[in-house]
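A short write-up of the structure that comes next.
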Amino acid sequence: MVSALKWILRGEKLYGQREYKEALEAYKKALEAKPKNVSALSGVAICYRRLGDGVKEIEAYEKALSYKPKSLSVMNNLSVSYSNNGYFDKAEALCKKAIEYNPKNSMLYVNLSYGYILANTYNKAVEASRRALELDSKNVMAWQNLYEAYILNDEYENALKVSKKLLDLEPKSSMSWNYVGYACYKIGNIDKALEACTTGYEINPEDHDLLNTFAEIYIVKGEYDKAIEYCKQSLVIYPYYGTAWFSMGRAFHKKGLPEKAIEFIKKAIRFRGGESLYSLGDCFYKLAEIFIESNNYNDALKVINICIEKEPDYKGAKELLEKILAHGN
């Protein structure tokens, strides 16, 4: 009989090869041998995350935590799962509970900021990220969260400063160059954005974030087919990457293909997670615009109300709602 440890090691190897379904089966075999193995349960959970099944992901982590209730690793991962699936209050409570156990652990503040980003509370995300950096000034994930909070809060100059700090920390990382490129793109410096992204691509041509940034740049340049091709490349590497689905939807919208645009933006809503440089408000607002262009004011009204429900202060949403209501009158 193969031991639980051997199945876990097999699961880790398959996961590293992005064979998530096969890795999941290996971790399940480990649980057959040892049902309360926390490592195997955590492996099951992370595979479900990659496969887009948030319910089963949370179930596995909660079961792991029930067997090892003070495990910082499990608490960290479960808080991320809660955030990814919209349970922001649970994520915050779990992070704060973990911080009580270990107030000097910078990663707990990183995960706290992660939840705040997904809950669209960007000032809190900045505060938590900066607390993490006080504990560990070289914590790359804390710098990443700080960057994303600035990007999503439209503070692009601050984001660019943070991206340059990341570049100082990891000059040979495609991610660092991508962050510089994306901040330049948001500021409007397209040439600098392409230059930074090209450098990152030379380091790692399979960086799905980077490929999506190329897509964003080519949307701005009006080269929509090229943008769609970069989105497809990104999604081959990571099919559950919501940002690439959102970019794909935007590109098809620009091409004048609203049905395709709606299809892909709905996928972006489904797969929005911590790697997402867009908000749910962005998705529902974009859907409202598309429905209006198609003279579908009933659906436009539904999605703009969802946008305002998700993000009450979303820029332009209330004005768009008034436009829709005026058409109905």
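Naming scheme: A, B, ... for chains in displayed order of the structure tokens; residues 1 onward per chain; ligands 1 onward as shown.
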I want to know what sits within 7 Å of region 91-99 of chain A, based on only C-alpha atoms, with residues of the same chain fewer than 3 positions away left out; could you give that as number ranges by chain? A: 72, 75, 79-80, 82-83, 87-88, 102-103, 108, 112, 115
Which residues are near Tyr15 (chain A)? Cut-off 10 Å, only C-alpha atoms, ignore same chain within fewer than 4 positions. Put them as a list of chain:residue names.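 Close residues of Tyr15 (chain A): A:Leu9, A:Arg10, A:Gly11, A:Glu19, A:Tyr20, A:Lys21, A:Glu22, A:Ala23, A:Leu24, A:Ala26, A:Gly43, A:Ile46, A:Cys47, A:Arg50.
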Counting only C-alpha atoms, the option among A:Cys197, A:Met141, A:Ile228, A:Ile237 closest to Gln17 (chain A): A:Ile237
Show me, as a tab-separated table, the residues of region 157-196 of chain A having an atom within 9 Å of region 206-223 of chain A, each with the closest atom pair and its distance in Å, using only C-alpha atoms.
```
residue	atom	partner	partner_atom	distance
A:Ser174	CA	A:Asp207	CA	7.0
A:Met175	CA	A:Leu210	CA	7.1
A:Trp177	CA	A:Leu210	CA	8.4
A:Asn178	CA	A:Leu210	CA	5.3
A:Tyr179	CA	A:Leu210	CA	8.4
A:Gly181	CA	A:Thr213	CA	7.5
A:Tyr182	CA	A:Thr213	CA	6.1
A:Tyr185	CA	A:Ile217	CA	6.7
A:Ile190	CA	A:Ile217	CA	6.9
A:Ala193	CA	A:Ile217	CA	7.8
A:Leu194	CA	A:Phe214	CA	7.4
```
Write out as an MDAnalysis selection string the residues lying within 8 Å of Ile324 (chain A), counting only C-alpha atoms and excluding same-chain residues fewer than 6 positions away. chainID A and resid 292 297 300:301
Record the distance separating CA of Asn305 (chain A) and CA of Glu322 (chain A), expressed in Å with one decimal. 10.9 Å
Could you pull the residues within 12 Å of Asp313 (chain A), counting only C-alpha atoms, minus those fewer than 2 positions along the same chain, as a ChimeraX atom specification? /A:120-121,153,281-282,307-311,315-319
Residues within 12 Å of Ser3 (chain A), only C-alpha atoms, excluding chain neighbours under 5 positions, as a ChimeraX atom specification: /A:8-10,26-27,29-34,37,40
Keeping N, CA and C atoms, export the residues of the selection given above as a PDB file, in the first residue's frame.
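This went into selection-v5.pdb:
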```pdb
ATOM      1  N   ILE A   8       1.202  12.434  -1.210  1.00  0.00           N
ATOM      2  CA  ILE A   8       1.340  13.887  -1.060  1.00  0.00           C
ATOM      3  C   ILE A   8       2.474  14.403  -1.936  1.00  0.00           C
ATOM      4  N   LEU A   9       3.607  13.704  -1.926  1.00  0.00           N
ATOM      5  CA  LEU A   9       4.745  14.115  -2.752  1.00  0.00           C
ATOM      6  C   LEU A   9       4.390  14.051  -4.240  1.00  0.00           C
ATOM      7  N   ARG A  10       3.604  13.032  -4.594  1.00  0.00           N
ATOM      8  CA  ARG A  10       3.162  12.930  -5.993  1.00  0.00           C
ATOM      9  C   ARG A  10       2.231  14.101  -6.334  1.00  0.00           C
ATOM     10  N   ALA A  26      -4.284  12.583  -6.452  1.00  0.00           N
ATOM     11  CA  ALA A  26      -3.187  12.090  -5.612  1.00  0.00           C
ATOM     12  C   ALA A  26      -3.409  12.484  -4.151  1.00  0.00           C
ATOM     13  N   TYR A  27      -3.801  13.725  -3.923  1.00  0.00           N
ATOM     14  CA  TYR A  27      -4.060  14.169  -2.551  1.00  0.00           C
ATOM     15  C   TYR A  27      -5.233  13.398  -1.932  1.00  0.00           C
ATOM     16  N   LYS A  29      -5.997  10.331  -2.611  1.00  0.00           N
ATOM     17  CA  LYS A  29      -5.447   9.021  -2.262  1.00  0.00           C
ATOM     18  C   LYS A  29      -4.714   9.088  -0.924  1.00  0.00           C
ATOM     19  N   ALA A  30      -4.020  10.199  -0.695  1.00  0.00           N
ATOM     20  CA  ALA A  30      -3.333  10.385   0.583  1.00  0.00           C
ATOM     21  C   ALA A  30      -4.338  10.399   1.727  1.00  0.00           C
ATOM     22  N   LEU A  31      -5.495  11.013   1.496  1.00  0.00           N
ATOM     23  CA  LEU A  31      -6.530  11.068   2.541  1.00  0.00           C
ATOM     24  C   LEU A  31      -7.166   9.705   2.784  1.00  0.00           C
ATOM     25  N   GLU A  32      -7.215   8.870   1.755  1.00  0.00           N
ATOM     26  CA  GLU A  32      -7.713   7.509   1.957  1.00  0.00           C
ATOM     27  C   GLU A  32      -6.811   6.752   2.922  1.00  0.00           C
ATOM     28  N   ALA A  33      -5.515   7.030   2.816  1.00  0.00           N
ATOM     29  CA  ALA A  33      -4.549   6.372   3.694  1.00  0.00           C
ATOM     30  C   ALA A  33      -4.526   7.007   5.082  1.00  0.00           C
ATOM     31  N   LYS A  34      -4.750   8.344   5.121  1.00  0.00           N
ATOM     32  CA  LYS A  34      -4.681   9.071   6.395  1.00  0.00           C
ATOM     33  C   LYS A  34      -5.697  10.217   6.353  1.00  0.00           C
ATOM     34  N   ASN A  37      -4.999  13.934   7.607  1.00  0.00           N
ATOM     35  CA  ASN A  37      -3.719  14.544   7.252  1.00  0.00           C
ATOM     36  C   ASN A  37      -3.949  15.980   6.752  1.00  0.00           C
ATOM     37  N   ALA A  40      -2.460  16.865   3.278  1.00  0.00           N
ATOM     38  CA  ALA A  40      -3.249  16.335   2.165  1.00  0.00           C
ATOM     39  C   ALA A  40      -4.519  17.157   1.969  1.00  0.00           C
TER      40      ALA A  40
END
```
A:Ser129, A:Tyr238, A:Lys255, A:Leu160: which is nearest Leu146 (chain A), counting only C-alpha atoms?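 Answer, going by the shortest atom-to-atom distance: A:Ser129.
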For region 51-68 of chain A, please output as a ChimeraX atom specification all residues within 8 Å (counting only C-alpha atoms; exclusion window: fewer than 5 positions along the same chain). /A:20-21,36-38,41-42,44-46,74-75,77-78,81-82,84-85,240,271
